[in-house]
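Student: Data file target.cif (mmCIF, C-alpha atoms) is appended below.
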```
data_start
loop_
_atom_site.label_atom_id
_atom_site.label_comp_id
_atom_site.auth_asym_id
_atom_site.auth_seq_id
_atom_site.Cartn_x
_atom_site.Cartn_y
_atom_site.Cartn_z
CA MET A 1 -32.44 116.58 -102.13
CA ARG A 2 -34.19 119.90 -101.92
CA ASP A 3 -34.57 121.39 -98.49
CA SER A 4 -37.70 123.52 -98.35
CA PHE A 5 -36.13 125.61 -95.61
CA MET A 6 -33.01 126.47 -97.64
CA GLU A 7 -32.98 130.00 -98.93
CA ASP A 8 -31.50 131.20 -102.18
CA LYS A 9 -27.86 132.11 -101.54
CA THR A 10 -28.24 135.22 -103.70
CA ASP A 11 -30.90 136.54 -101.37
CA LYS A 12 -30.16 139.63 -99.36
CA VAL A 13 -31.09 140.50 -95.84
CA LYS A 14 -31.44 143.88 -94.25
CA VAL A 15 -28.79 144.24 -91.57
CA ASP A 16 -28.16 147.31 -89.47
CA ALA A 17 -24.70 146.23 -88.25
CA LYS A 18 -21.62 147.10 -90.30
CA ILE A 19 -20.34 143.90 -91.89
CA GLU A 20 -17.33 143.91 -94.20
CA GLY A 21 -17.73 147.68 -94.35
CA ARG A 22 -21.31 147.39 -95.55
CA THR A 23 -24.67 147.89 -93.98
CA GLY A 24 -28.28 147.68 -95.17
CA GLU A 25 -29.03 145.09 -97.87
CA ILE A 26 -26.27 142.50 -97.62
CA ASP A 27 -25.99 139.28 -99.60
CA PHE A 28 -25.19 135.95 -97.96
CA ASN A 29 -21.64 135.78 -99.31
CA THR A 30 -20.69 139.09 -97.74
CA LEU A 31 -22.22 137.96 -94.49
CA LYS A 32 -20.16 134.77 -94.65
CA SER A 33 -17.00 136.82 -95.16
CA GLY A 34 -17.90 138.62 -91.96
CA GLY A 35 -18.06 135.36 -89.99
CA LEU A 36 -21.83 134.99 -90.31
CA ILE A 37 -22.72 131.64 -91.82
CA LYS A 38 -26.16 130.94 -93.26
CA GLN A 39 -27.97 127.99 -91.73
CA ARG A 40 -30.58 125.76 -93.32
CA GLN A 41 -33.29 127.45 -91.30
CA LYS A 42 -34.92 130.62 -92.57
CA ASP A 43 -33.35 133.83 -91.22
CA MET A 44 -30.94 131.82 -89.06
CA PHE A 45 -27.17 132.26 -89.04
CA THR A 46 -24.20 130.84 -87.14
CA VAL A 47 -21.95 133.55 -85.72
CA ARG A 48 -18.29 132.52 -85.66
CA LEU A 49 -16.25 134.29 -83.00
CA ARG A 50 -12.61 135.22 -83.23
CA CYS A 51 -10.65 133.10 -80.73
CA PRO A 52 -6.97 133.20 -81.80
CA GLY A 53 -5.05 130.14 -80.66
CA GLY A 54 -8.21 128.77 -79.07
CA ARG A 55 -7.62 130.84 -75.96
CA VAL A 56 -10.71 132.55 -74.55
CA PRO A 57 -10.37 134.71 -71.41
CA LEU A 58 -12.98 133.78 -68.81
CA SER A 59 -14.47 137.26 -68.86
CA ASN A 60 -15.06 136.89 -72.60
CA LEU A 61 -16.48 133.42 -72.09
CA GLU A 62 -18.98 134.79 -69.58
CA LYS A 63 -19.96 137.51 -72.02
CA ILE A 64 -20.32 134.99 -74.83
CA VAL A 65 -22.62 132.87 -72.65
CA THR A 66 -24.72 135.92 -71.77
CA VAL A 67 -25.03 136.90 -75.44
CA ALA A 68 -25.76 133.33 -76.52
CA ARG A 69 -28.53 132.98 -73.91
CA LYS A 70 -30.17 136.11 -75.27
CA TYR A 71 -29.75 135.68 -79.01
CA ALA A 72 -28.55 132.18 -79.93
CA GLY A 73 -29.18 128.48 -79.45
CA ASP A 74 -28.73 126.58 -76.21
CA TYR A 75 -25.20 125.38 -77.00
CA VAL A 76 -22.06 126.64 -78.68
CA HIS A 77 -20.11 124.72 -81.30
CA LEU A 78 -16.31 124.62 -81.27
CA SER A 79 -15.09 125.05 -84.83
CA PHE A 80 -12.22 123.00 -86.22
CA ARG A 81 -10.11 126.15 -86.06
CA GLN A 82 -10.60 126.59 -82.34
CA SER A 83 -13.25 129.27 -82.49
CA ILE A 84 -16.55 129.38 -80.64
CA GLU A 85 -19.60 129.43 -82.90
CA LEU A 86 -23.07 130.57 -81.84
CA PRO A 87 -25.74 128.79 -83.89
CA TYR A 88 -29.37 129.85 -84.40
CA VAL A 89 -28.87 133.59 -84.49
CA ASP A 90 -31.57 135.65 -86.21
CA TYR A 91 -29.93 138.17 -88.57
CA ARG A 92 -32.03 140.94 -87.01
CA ASN A 93 -29.91 140.56 -83.86
CA PHE A 94 -26.48 140.97 -85.50
CA LYS A 95 -26.07 144.55 -84.37
CA ALA A 96 -27.00 143.80 -80.75
CA ILE A 97 -24.61 140.83 -80.69
CA TYR A 98 -21.74 142.83 -82.19
CA ASN A 99 -22.25 145.65 -79.71
CA GLU A 100 -22.58 143.47 -76.64
CA LEU A 101 -19.54 141.33 -77.50
CA ALA A 102 -17.55 144.49 -78.18
CA GLU A 103 -18.00 145.49 -74.53
CA ASN A 104 -15.46 142.75 -73.74
CA ASN A 105 -13.47 143.33 -76.91
CA GLN A 106 -14.70 139.96 -78.22
CA LYS A 107 -14.65 140.07 -82.00
CA VAL A 108 -16.37 138.09 -84.70
CA ALA A 109 -14.20 135.96 -87.01
CA SER A 110 -14.00 136.05 -90.76
CA CYS A 111 -14.40 133.59 -93.60
CA GLY A 112 -13.65 134.00 -97.29
CA PRO A 113 -10.42 134.70 -99.21
CA ARG A 114 -8.25 136.20 -96.50
CA VAL A 115 -5.92 135.47 -93.61
CA ARG A 116 -7.97 133.51 -91.07
CA VAL A 117 -7.80 133.38 -87.30
CA PRO A 118 -4.46 131.70 -86.48
CA THR A 119 -4.56 128.44 -84.51
CA ALA A 120 -2.10 127.11 -81.94
CA CYS A 121 -1.47 124.60 -79.19
CA SER A 122 -1.15 125.76 -75.58
CA GLY A 123 2.58 126.24 -76.11
CA CYS A 124 5.58 126.27 -73.83
CA GLU A 125 4.05 128.42 -71.11
CA TYR A 126 2.70 125.41 -69.22
CA ASN A 127 2.75 122.41 -71.58
CA PRO A 128 5.76 120.23 -70.62
CA ASN A 129 6.46 119.34 -74.27
CA GLY A 130 6.30 122.92 -75.48
CA LEU A 131 9.52 124.33 -76.92
CA ALA A 132 8.28 127.61 -78.32
CA ASP A 133 5.75 130.28 -77.36
CA THR A 134 2.92 129.59 -79.79
CA GLN A 135 0.40 131.79 -77.99
CA LYS A 136 2.67 134.83 -78.15
CA MET A 137 3.10 134.33 -81.90
CA VAL A 138 -0.62 133.79 -82.43
CA ARG A 139 -1.39 137.13 -80.78
CA LEU A 140 1.13 138.81 -83.05
CA VAL A 141 -0.22 137.18 -86.21
CA ASP A 142 -3.82 137.87 -85.21
CA GLU A 143 -3.09 141.57 -84.64
CA LYS A 144 -0.95 142.09 -87.70
CA TYR A 145 -2.40 139.82 -90.39
CA PHE A 146 -5.95 138.75 -89.53
CA GLY A 147 -8.45 139.59 -92.27
CA ARG A 148 -5.87 140.62 -94.85
CA ASP A 149 -7.20 139.92 -98.37
CA MET A 150 -5.63 136.99 -100.20
CA PRO A 151 -6.42 135.17 -103.48
CA HIS A 152 -8.06 132.40 -101.41
CA LYS A 153 -8.35 131.53 -97.73
CA PHE A 154 -5.01 131.59 -95.93
CA LYS A 155 -4.53 129.61 -92.74
CA ILE A 156 -1.63 129.93 -90.33
CA SER A 157 -0.93 127.65 -87.36
CA PHE A 158 1.64 127.23 -84.60
CA SER A 159 2.71 124.01 -82.86
CA GLY A 160 5.03 124.15 -79.87
CA CYS A 161 6.83 120.85 -80.55
CA PRO A 162 7.24 118.08 -83.16
CA ILE A 163 4.08 116.30 -81.95
CA ASP A 164 2.51 119.04 -84.08
CA CYS A 165 -0.97 119.19 -82.56
CA ALA A 166 -1.70 122.32 -84.62
CA ARG A 167 -1.02 120.32 -87.83
CA THR A 168 1.41 122.72 -89.44
CA SER A 169 1.67 120.54 -92.56
CA GLU A 170 -2.08 120.98 -93.21
CA ASN A 171 -2.03 124.78 -93.13
CA ASP A 172 -1.08 127.25 -95.85
CA LEU A 173 1.70 128.29 -93.50
CA GLY A 174 2.72 126.44 -90.37
CA PHE A 175 5.33 127.05 -87.69
CA GLN A 176 6.50 124.27 -85.39
CA GLY A 177 8.82 124.72 -82.42
CA ALA A 178 12.14 122.83 -82.50
CA VAL A 179 15.38 122.67 -80.54
CA ASN A 180 18.68 121.58 -82.00
CA PRO A 181 20.60 119.84 -79.19
CA GLU A 182 24.32 119.83 -78.56
CA TRP A 183 26.31 117.51 -76.32
CA ASP A 184 29.10 118.34 -73.89
CA GLU A 185 31.48 115.42 -73.41
CA GLU A 186 33.21 116.93 -70.37
CA THR A 187 30.19 116.79 -68.05
CA CYS A 188 28.66 113.57 -69.44
CA ILE A 189 28.72 110.64 -67.00
CA GLY A 190 27.75 108.06 -69.64
CA CYS A 191 24.50 107.15 -67.89
CA ARG A 192 22.66 106.12 -71.12
CA ILE A 193 19.48 107.96 -70.09
CA CYS A 194 19.49 110.09 -73.27
CA SER A 195 19.49 107.04 -75.51
CA LYS A 196 16.49 105.70 -73.55
CA ALA A 197 14.70 109.06 -73.62
CA CYS A 198 15.10 109.46 -77.39
CA ARG A 199 12.12 107.93 -79.17
CA GLU A 200 13.59 108.37 -82.64
CA GLY A 201 16.70 106.23 -82.39
CA ALA A 202 18.78 109.36 -82.93
CA ILE A 203 20.92 108.60 -79.87
CA GLU A 204 22.67 105.31 -79.16
CA SER A 205 24.95 104.64 -76.23
CA ASP A 206 28.49 103.44 -76.64
CA ALA A 207 28.60 99.88 -75.29
CA GLN A 208 31.74 100.55 -73.26
CA THR A 209 31.53 104.15 -72.06
CA GLY A 210 27.75 104.65 -72.19
CA LYS A 211 28.34 107.98 -73.90
CA PRO A 212 25.97 109.01 -76.69
CA ILE A 213 26.43 108.52 -80.42
CA TYR A 214 24.19 111.07 -82.14
CA TYR A 215 22.53 110.60 -85.54
CA PRO A 216 21.27 114.08 -86.47
CA GLU A 217 19.43 112.82 -89.56
CA LYS A 218 17.04 110.91 -87.28
CA CYS A 219 16.54 113.79 -84.82
CA LEU A 220 13.13 115.50 -84.67
CA TYR A 221 14.49 118.28 -82.43
CA CYS A 222 12.02 117.50 -79.63
CA ALA A 223 14.51 118.12 -76.78
CA ASP A 224 13.63 114.91 -74.90
CA CYS A 225 17.38 114.32 -74.50
CA ILE A 226 17.87 117.76 -72.96
CA ARG A 227 14.99 117.29 -70.54
CA ALA A 228 16.18 113.84 -69.50
CA CYS A 229 19.94 114.43 -69.14
CA PRO A 230 20.73 114.41 -65.40
CA THR A 231 23.94 116.41 -65.82
CA ASP A 232 22.72 118.93 -68.43
CA SER A 233 25.33 117.64 -70.84
CA TRP A 234 22.71 117.81 -73.59
CA ARG A 235 21.97 121.49 -74.08
CA GLU A 236 20.01 123.75 -76.35
CA ASN A 237 22.21 124.81 -79.24
CA ILE A 238 19.67 126.66 -81.36
CA LYS A 239 15.91 126.99 -80.91
CA GLY A 240 13.36 128.18 -83.43
CA TRP A 241 10.54 127.37 -85.79
CA VAL A 242 10.36 124.73 -88.49
CA VAL A 243 8.39 126.38 -91.31
CA ARG A 244 6.03 124.34 -93.51
CA VAL A 245 4.23 125.79 -96.48
CA GLY A 246 1.38 124.95 -98.84
CA GLY A 247 -0.70 122.53 -96.80
CA ARG A 248 -4.49 122.37 -96.76
CA HIS A 249 -7.31 120.01 -95.90
CA GLY A 250 -10.71 119.69 -97.54
CA ARG A 251 -11.80 117.64 -100.52
CA HIS A 252 -8.31 117.52 -101.93
CA PRO A 253 -5.85 117.72 -99.04
CA ILE A 254 -2.24 118.75 -99.59
CA THR A 255 0.72 118.17 -97.30
CA GLY A 256 3.02 121.12 -96.81
CA HIS A 257 6.73 120.42 -96.36
CA LYS A 258 9.59 122.06 -94.53
CA ILE A 259 11.23 125.07 -96.17
CA ALA A 260 13.19 126.40 -93.18
CA GLU A 261 14.24 125.38 -89.68
CA PHE A 262 15.25 127.11 -86.44
CA VAL A 263 13.67 130.37 -87.54
CA SER A 264 13.63 133.00 -84.78
CA ASP A 265 10.48 134.70 -83.42
CA GLU A 266 11.68 137.94 -85.02
CA ASP A 267 11.93 136.29 -88.44
CA VAL A 268 8.38 134.86 -88.36
CA PRO A 269 6.75 138.12 -89.59
CA ILE A 270 9.36 138.32 -92.36
CA PHE A 271 8.37 134.84 -93.52
CA ILE A 272 4.66 135.73 -93.41
CA ASP A 273 5.22 139.04 -95.22
CA THR A 274 7.34 137.49 -97.96
CA ILE A 275 5.05 134.51 -98.51
CA THR A 276 1.75 136.43 -98.46
CA LYS A 277 3.22 139.07 -100.79
CA TRP A 278 4.34 136.41 -103.26
CA TYR A 279 0.90 134.77 -103.05
CA GLU A 280 -0.90 138.10 -103.63
CA GLU A 281 1.27 138.91 -106.64
CA ASN A 282 1.45 135.47 -108.22
CA GLY A 283 -1.75 133.75 -107.04
CA LYS A 284 -4.35 136.13 -108.47
CA LYS A 285 -3.99 134.91 -112.05
CA TYR A 286 -5.17 131.45 -110.93
CA GLY A 287 -8.40 132.81 -109.49
CA ARG A 288 -9.53 131.47 -106.15
CA THR A 289 -6.75 128.91 -105.75
CA ARG A 290 -4.96 127.81 -102.59
CA LEU A 291 -1.24 128.44 -102.20
CA GLY A 292 -0.41 124.72 -102.06
CA VAL A 293 -2.08 124.07 -105.42
CA ILE A 294 -0.06 126.84 -107.08
CA LEU A 295 3.20 125.72 -105.49
CA GLN A 296 2.84 122.31 -107.15
CA ILE A 297 3.44 123.97 -110.51
CA PRO A 298 7.23 123.65 -110.93
CA GLU A 299 7.87 127.15 -112.36
CA GLU A 300 5.77 128.75 -109.60
CA TRP A 301 7.64 126.73 -106.97
CA ASN A 302 10.96 127.93 -108.38
CA SER A 303 9.77 131.54 -108.43
CA PHE A 304 8.49 131.17 -104.86
CA ILE A 305 11.74 129.74 -103.48
CA GLU A 306 13.81 132.27 -105.41
CA THR A 307 11.75 135.12 -103.91
CA LEU A 308 12.16 133.69 -100.41
CA ARG A 309 15.92 133.29 -100.86
CA LYS A 310 16.24 136.96 -101.87
CA THR A 311 14.92 138.06 -98.49
CA LEU A 312 15.69 135.16 -96.22
CA LYS A 313 18.95 133.97 -97.76
CA ASP A 314 20.33 130.80 -96.19
CA LYS A 315 17.47 130.58 -93.73
CA ILE A 316 15.74 128.59 -96.49
CA ILE A 317 16.98 124.99 -96.44
CA GLU A 318 19.07 123.69 -99.29
CA PHE A 319 16.55 121.33 -100.87
CA PRO A 320 13.02 122.39 -99.89
CA LYS A 321 10.22 120.13 -101.13
CA PRO A 322 7.08 121.50 -102.80
CA PRO A 323 3.71 120.60 -101.28
CA SER A 324 2.44 117.16 -102.23
CA LYS A 325 -1.02 115.78 -102.88
CA ASN A 326 -2.51 113.65 -100.17
CA GLU A 327 -4.93 111.38 -102.00
CA ILE A 328 -7.80 110.40 -99.72
CA HIS A 329 -10.52 109.60 -102.25
CA SER A 330 -8.67 107.19 -104.50
CA MET B 331 34.50 100.73 -56.64
CA THR B 332 34.05 103.87 -54.58
CA GLU B 333 31.92 103.58 -51.48
CA GLU B 334 28.33 104.66 -51.98
CA LYS B 335 26.28 106.39 -49.33
CA ILE B 336 22.72 105.10 -49.62
CA ASP B 337 19.90 106.31 -47.38
CA GLY B 338 16.95 104.47 -48.89
CA SER B 339 16.24 101.79 -51.46
CA LEU B 340 13.37 100.97 -53.79
CA ASN B 341 13.03 97.99 -56.11
CA LEU B 342 10.50 98.82 -58.83
CA ARG B 343 11.11 95.87 -61.13
CA GLY B 344 7.84 95.05 -62.89
CA VAL B 345 6.17 98.29 -61.78
CA ALA B 346 4.75 100.22 -64.73
CA CYS B 347 4.49 103.95 -65.44
CA PRO B 348 3.33 106.11 -63.86
CA ILE B 349 3.05 104.10 -60.62
CA ASN B 350 6.83 103.66 -60.51
CA PHE B 351 7.35 107.40 -60.50
CA VAL B 352 4.63 107.99 -57.89
CA LYS B 353 6.32 105.42 -55.61
CA THR B 354 9.70 107.07 -56.21
CA LYS B 355 8.26 110.45 -55.36
CA LEU B 356 6.67 109.19 -52.14
CA LYS B 357 9.90 107.48 -51.10
CA LEU B 358 11.91 110.64 -51.79
CA GLU B 359 9.54 112.54 -49.51
CA THR B 360 10.67 110.40 -46.59
CA LEU B 361 14.30 111.45 -47.16
CA SER B 362 15.90 114.78 -46.35
CA GLU B 363 17.75 117.08 -48.75
CA GLY B 364 21.06 115.65 -49.89
CA GLN B 365 20.21 112.05 -48.95
CA VAL B 366 20.53 109.36 -51.61
CA LEU B 367 17.88 106.94 -52.88
CA GLU B 368 18.82 103.75 -54.66
CA LEU B 369 16.21 102.94 -57.29
CA ILE B 370 15.83 99.94 -59.57
CA ILE B 371 13.55 100.31 -62.61
CA ASP B 372 12.97 98.32 -65.79
CA ASP B 373 14.32 99.15 -69.20
CA GLY B 374 11.88 100.47 -71.81
CA GLU B 375 9.14 102.85 -70.83
CA PRO B 376 10.25 103.25 -67.20
CA MET B 377 13.79 104.23 -68.28
CA GLN B 378 12.29 106.56 -70.89
CA ASN B 379 10.09 108.45 -68.44
CA VAL B 380 11.19 108.11 -64.82
CA PRO B 381 14.65 109.76 -65.02
CA ARG B 382 13.18 112.78 -66.80
CA SER B 383 10.43 113.15 -64.20
CA ILE B 384 12.96 112.85 -61.36
CA LYS B 385 14.98 115.67 -62.92
CA GLU B 386 11.89 117.81 -63.42
CA GLU B 387 11.08 117.40 -59.71
CA GLY B 388 14.44 118.97 -58.91
CA HIS B 389 16.40 115.87 -57.86
CA ARG B 390 19.74 114.78 -59.21
CA ILE B 391 20.63 111.44 -60.71
CA THR B 392 24.25 110.82 -59.80
CA LYS B 393 24.77 107.32 -61.15
CA VAL B 394 23.16 104.88 -63.57
CA GLU B 395 24.16 101.22 -63.88
CA LYS B 396 22.79 98.56 -66.18
CA LEU B 397 22.14 95.34 -64.25
CA SER B 398 22.48 91.81 -65.59
CA ASP B 399 18.68 91.32 -65.80
CA ASN B 400 18.38 94.38 -68.11
CA SER B 401 16.97 96.57 -65.36
CA PHE B 402 18.72 99.75 -64.27
CA ARG B 403 20.03 100.92 -60.90
CA LEU B 404 19.89 104.67 -60.31
CA LEU B 405 21.26 106.73 -57.46
CA ILE B 406 19.21 109.86 -56.81
CA MET B 407 20.22 112.72 -54.58
CA LYS B 408 17.20 114.44 -53.12
CA GLY B 409 16.91 118.10 -54.13
CA GLY B 410 20.34 117.99 -55.81
CA GLY B 411 19.03 119.28 -59.13
CA LYS B 412 18.71 122.80 -60.42
CA GLY B 413 15.22 123.10 -59.00
CA ALA B 414 11.85 121.97 -60.18
CA GLY B 415 10.25 123.64 -63.19
#
```
Would you encode the structure as structure tokens?
Tutor:
Amino acid sequence: MRDSFMEDKTDKVKVDAKIEGRTGEIDFNTLKSGGLIKQRQKDMFTVRLRCPGGRVPLSNLEKIVTVARKYAGDYVHLSFRQSIELPYVDYRNFKAIYNELAENNQKVASCGPRVRVPTACSGCEYNPNGLADTQKMVRLVDEKYFGRDMPHKFKISFSGCPIDCARTSENDLGFQGAVNPEWDEETCIGCRICSKACREGAIESDAQTGKPIYYPEKCLYCADCIRACPTDSWRENIKGWVVRVGGRHGRHPITGHKIAEFVSDEDVPIFIDTITKWYEENGKKYGRTRLGVILQIPEEWNSFIETLRKTLKDKIIEFPKPPSKNEIHS
Amino acid sequence: MTEEKIDGSLNLRGVACPINFVKTKLKLETLSEGQVLELIIDDGEPMQNVPRSIKEEGHRITKVEKLSDNSFRLLIMKGGGKGAG
């Protein structure tokens, strides 16, 4: 079907705002890289805003509404990566929009082959299930890595607990909060509450004493036992991030699997540095190819894990699994 | 068996979540700090959720007994926990 309103993607438009370091005649692909997405309608673009972790301060939200009323359509769209998008923006208004949003330090997002805006759940600050501070990490990643050039798009997400709302296995790199519990026999009153609280069958109660029998291989590290234990006999032993690598969605989704667990906040940037560096050095020869596709090639997977082990030593689990295809069209 | 001091009692057999917890909470409000509520709840979802919520409210579960009909009897000391989150 040919849409008479569709413009040729190689067309250029004259823009007086600086986008991707360029101004003047800019082609549609460069505009897209700058978070400006061509619509079907002539001269119309969708402006994708940068909302790391899906958190938008009210003052920014007010500013966004003011800008949208002036220059965009009568609604906003929430993107699948938690960002606010303003549809129906005439390219002649880019500069005004950039400037007015900048008054509240609200930035425009980015598309294309680079580190994207990181996503996250609400985290442990106020979510009762949250085990780790996803919003804190998102701010760090957004400041330090956003927009960095990569062989293809590179998506990072943070989930605060094993429910994994931020879908860490579907991102190029995902971090999920986890707590390894430990049990203190001395203070335990054998009440059986932990075995009821555990939804994974990782804790059974001894028929006589009521004291727990723990099966670590079934444990998801969700800390339900710790939260439920009336005597605090279940305690936090070690807390940190489960790291999953190589996931993606799209036409050919890939599931990323665990390569490390109980990684500290301080080690998160080391993981990101090491992984993005490997991808930059080893991904380019494949052209525009996602990390998870490359990691399915056995020799690349071995090189990848070897590189990680050099820096991160035994923080990498003993038998990490490469990403696997998730066939949805067959 | 040691003698138990009980200041209030609530039988929540057959009462589902989250009504069972709401009723427990309201009952606990009628007691003063340090007093003990005897609570009977069903196995399954109630046992999975109610004890955790009681703890999060800052009360202390001092005893849990399995009853012959598969329900559970809990003794809860008002405000005996480490404080609500």
Student: Counting all atoms listed in the file, which residues of chain A fall within 9 Å of chain B, and what is the closest atom pair for each with its distance in Å at one decimal, ordered by chain and rising number, as a tab-separated table?
Tutor:
```
residue	atom	partner	partner_atom	distance
A:Ile189	CA	B:Lys393	CA	7.8
A:Gly190	CA	B:Val394	CA	8.2
A:Cys191	CA	B:Val394	CA	5.1
A:Arg192	CA	B:Val394	CA	7.7
A:Ile193	CA	B:Met377	CA	7.0
A:Cys194	CA	B:Gln378	CA	8.4
A:Ser195	CA	B:Gln378	CA	8.6
A:Lys196	CA	B:Gln378	CA	5.0
A:Ala197	CA	B:Gln378	CA	4.4
A:Cys198	CA	B:Gln378	CA	7.7
A:Arg199	CA	B:Gln378	CA	8.4
A:Asp224	CA	B:Arg382	CA	8.4
A:Cys225	CA	B:Arg382	CA	8.9
A:Arg227	CA	B:Arg382	CA	6.1
A:Ala228	CA	B:Arg382	CA	4.2
A:Cys229	CA	B:Arg382	CA	7.3
A:Pro230	CA	B:Ile391	CA	5.6
A:Thr231	CA	B:Ile391	CA	7.9
```
Student: Could you list the residues chosen by the PyMOL selection byres ((chain B and resi 352) around 12) in this structure as a list in words?
Tutor: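 Against this file, the PyMOL selection byres ((chain B and resi 352) around 12) returns the residues Leu340, Leu342, Val345, Ala346, Cys347, Pro348, Ile349, Asn350, Phe351, Lys353, Thr354, Lys355, Leu356, Lys357, Leu358, Glu359, Pro376, Asn379, Val380, Ser383, Ile384 and Glu387 of chain B.
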Student: Could you tell me which residues the PyMOL selection byres ((chain A and resi 132) around 7) grabs in this file, written as a compact mmCIF listing (two decimals) with C-alpha atoms, in the frame of the given file?
Tutor:
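Result file selection.txt:
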```txt
# COMPACT_ATOMS: atom_id res chain seq x y z
CA GLY A 123 2.58 126.24 -76.11
CA CYS A 124 5.58 126.27 -73.83
CA GLY A 130 6.30 122.92 -75.48
CA LEU A 131 9.52 124.33 -76.92
CA ASP A 133 5.75 130.28 -77.36
CA THR A 134 2.92 129.59 -79.79
CA GLY A 160 5.03 124.15 -79.87
CA GLY A 177 8.82 124.72 -82.42
```
Student: Residues near Phe175 of chain A, anyone? I mean within 6 Å using only C-alpha atoms, not counting same-chain ones fewer than 2 positions away, as number ranges by chain.
Tutor: A: 158, 241-243
Student: At a cut-off of 9 Å around the point (-20.7, 134.9, -93.5) (file coordinates), what residues fall inside when counting only C-alpha atoms? I'd like the answer as a count of residues only.
Tutor: 18
Student: Take the point (-18.1, 134.2, -72.4) in the file's coordinates, draw a sphere of radius 12 Å around it, and report as a PyMOL selection string every protein, DNA or RNA residue with an atom inside or on it, counting only C-alpha atoms.
Tutor: chain A and resi 49+51+55-69+76+84-86+100-107
Student: Now that the selection is made, can you save its residues with C-alpha atoms as a PDB file, in the frame of the given file?
Tutor:
```
ATOM      1  CA  LEU A  49     -16.250 134.290 -83.000  1.00  0.00           C
ATOM      2  CA  CYS A  51     -10.650 133.100 -80.730  1.00  0.00           C
ATOM      3  CA  ARG A  55      -7.620 130.840 -75.960  1.00  0.00           C
ATOM      4  CA  VAL A  56     -10.710 132.550 -74.550  1.00  0.00           C
ATOM      5  CA  PRO A  57     -10.370 134.710 -71.410  1.00  0.00           C
ATOM      6  CA  LEU A  58     -12.980 133.780 -68.810  1.00  0.00           C
ATOM      7  CA  SER A  59     -14.470 137.260 -68.860  1.00  0.00           C
ATOM      8  CA  ASN A  60     -15.060 136.890 -72.600  1.00  0.00           C
ATOM      9  CA  LEU A  61     -16.480 133.420 -72.090  1.00  0.00           C
ATOM     10  CA  GLU A  62     -18.980 134.790 -69.580  1.00  0.00           C
ATOM     11  CA  LYS A  63     -19.960 137.510 -72.020  1.00  0.00           C
ATOM     12  CA  ILE A  64     -20.320 134.990 -74.830  1.00  0.00           C
ATOM     13  CA  VAL A  65     -22.620 132.870 -72.650  1.00  0.00           C
ATOM     14  CA  THR A  66     -24.720 135.920 -71.770  1.00  0.00           C
ATOM     15  CA  VAL A  67     -25.030 136.900 -75.440  1.00  0.00           C
ATOM     16  CA  ALA A  68     -25.760 133.330 -76.520  1.00  0.00           C
ATOM     17  CA  ARG A  69     -28.530 132.980 -73.910  1.00  0.00           C
ATOM     18  CA  VAL A  76     -22.060 126.640 -78.680  1.00  0.00           C
ATOM     19  CA  ILE A  84     -16.550 129.380 -80.640  1.00  0.00           C
ATOM     20  CA  GLU A  85     -19.600 129.430 -82.900  1.00  0.00           C
ATOM     21  CA  LEU A  86     -23.070 130.570 -81.840  1.00  0.00           C
ATOM     22  CA  GLU A 100     -22.580 143.470 -76.640  1.00  0.00           C
ATOM     23  CA  LEU A 101     -19.540 141.330 -77.500  1.00  0.00           C
ATOM     24  CA  ALA A 102     -17.550 144.490 -78.180  1.00  0.00           C
ATOM     25  CA  GLU A 103     -18.000 145.490 -74.530  1.00  0.00           C
ATOM     26  CA  ASN A 104     -15.460 142.750 -73.740  1.00  0.00           C
ATOM     27  CA  ASN A 105     -13.470 143.330 -76.910  1.00  0.00           C
ATOM     28  CA  GLN A 106     -14.700 139.960 -78.220  1.00  0.00           C
ATOM     29  CA  LYS A 107     -14.650 140.070 -82.000  1.00  0.00           C
TER      30      LYS A 107
END
```
Student: Determine the residue membership of the PyMOL selection byres ((chain B and resi 369) around 7) for the file above and supply it as a PyMOL selection string.
Tutor: chain B and resi 339-341+367-368+370-371+403-405
Student: Would you mind reading off the distance between atom CA of Tyr71 of chain A and atom CA of Thr119 of chain A, one decimal, in Å?
Tutor: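 Here the two named atoms are 26.8 Å from each other.
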Student: Can you work out the spacing between atom CA of Ala202 of chain A and atom CA of Ile316 of chain A in Å, to one decimal?
Tutor: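 Rounded to one decimal, the two atoms are 23.7 Å apart.
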Student: Atom CA of Val108 of chain A and atom CA of Ile26 of chain A are how many Å apart?
Tutor: 16.9 Å
Student: May I have the residues within 12 Å of Glu299 of chain A as a ChimeraX atom specification, using all atoms listed in the file and disregarding those fewer than 5 positions away in the same chain?
Tutor: /A:282,294,304-306,322
Student: Calculated over all atoms listed in the file, which of the candidates A:Asp267, A:Glu327, A:Asp172, A:Glu261 has the smallest distance to Thr311 of chain A?
Tutor: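 Looking at the shortest contact to Thr311 of chain A, the residue is A:Asp267.
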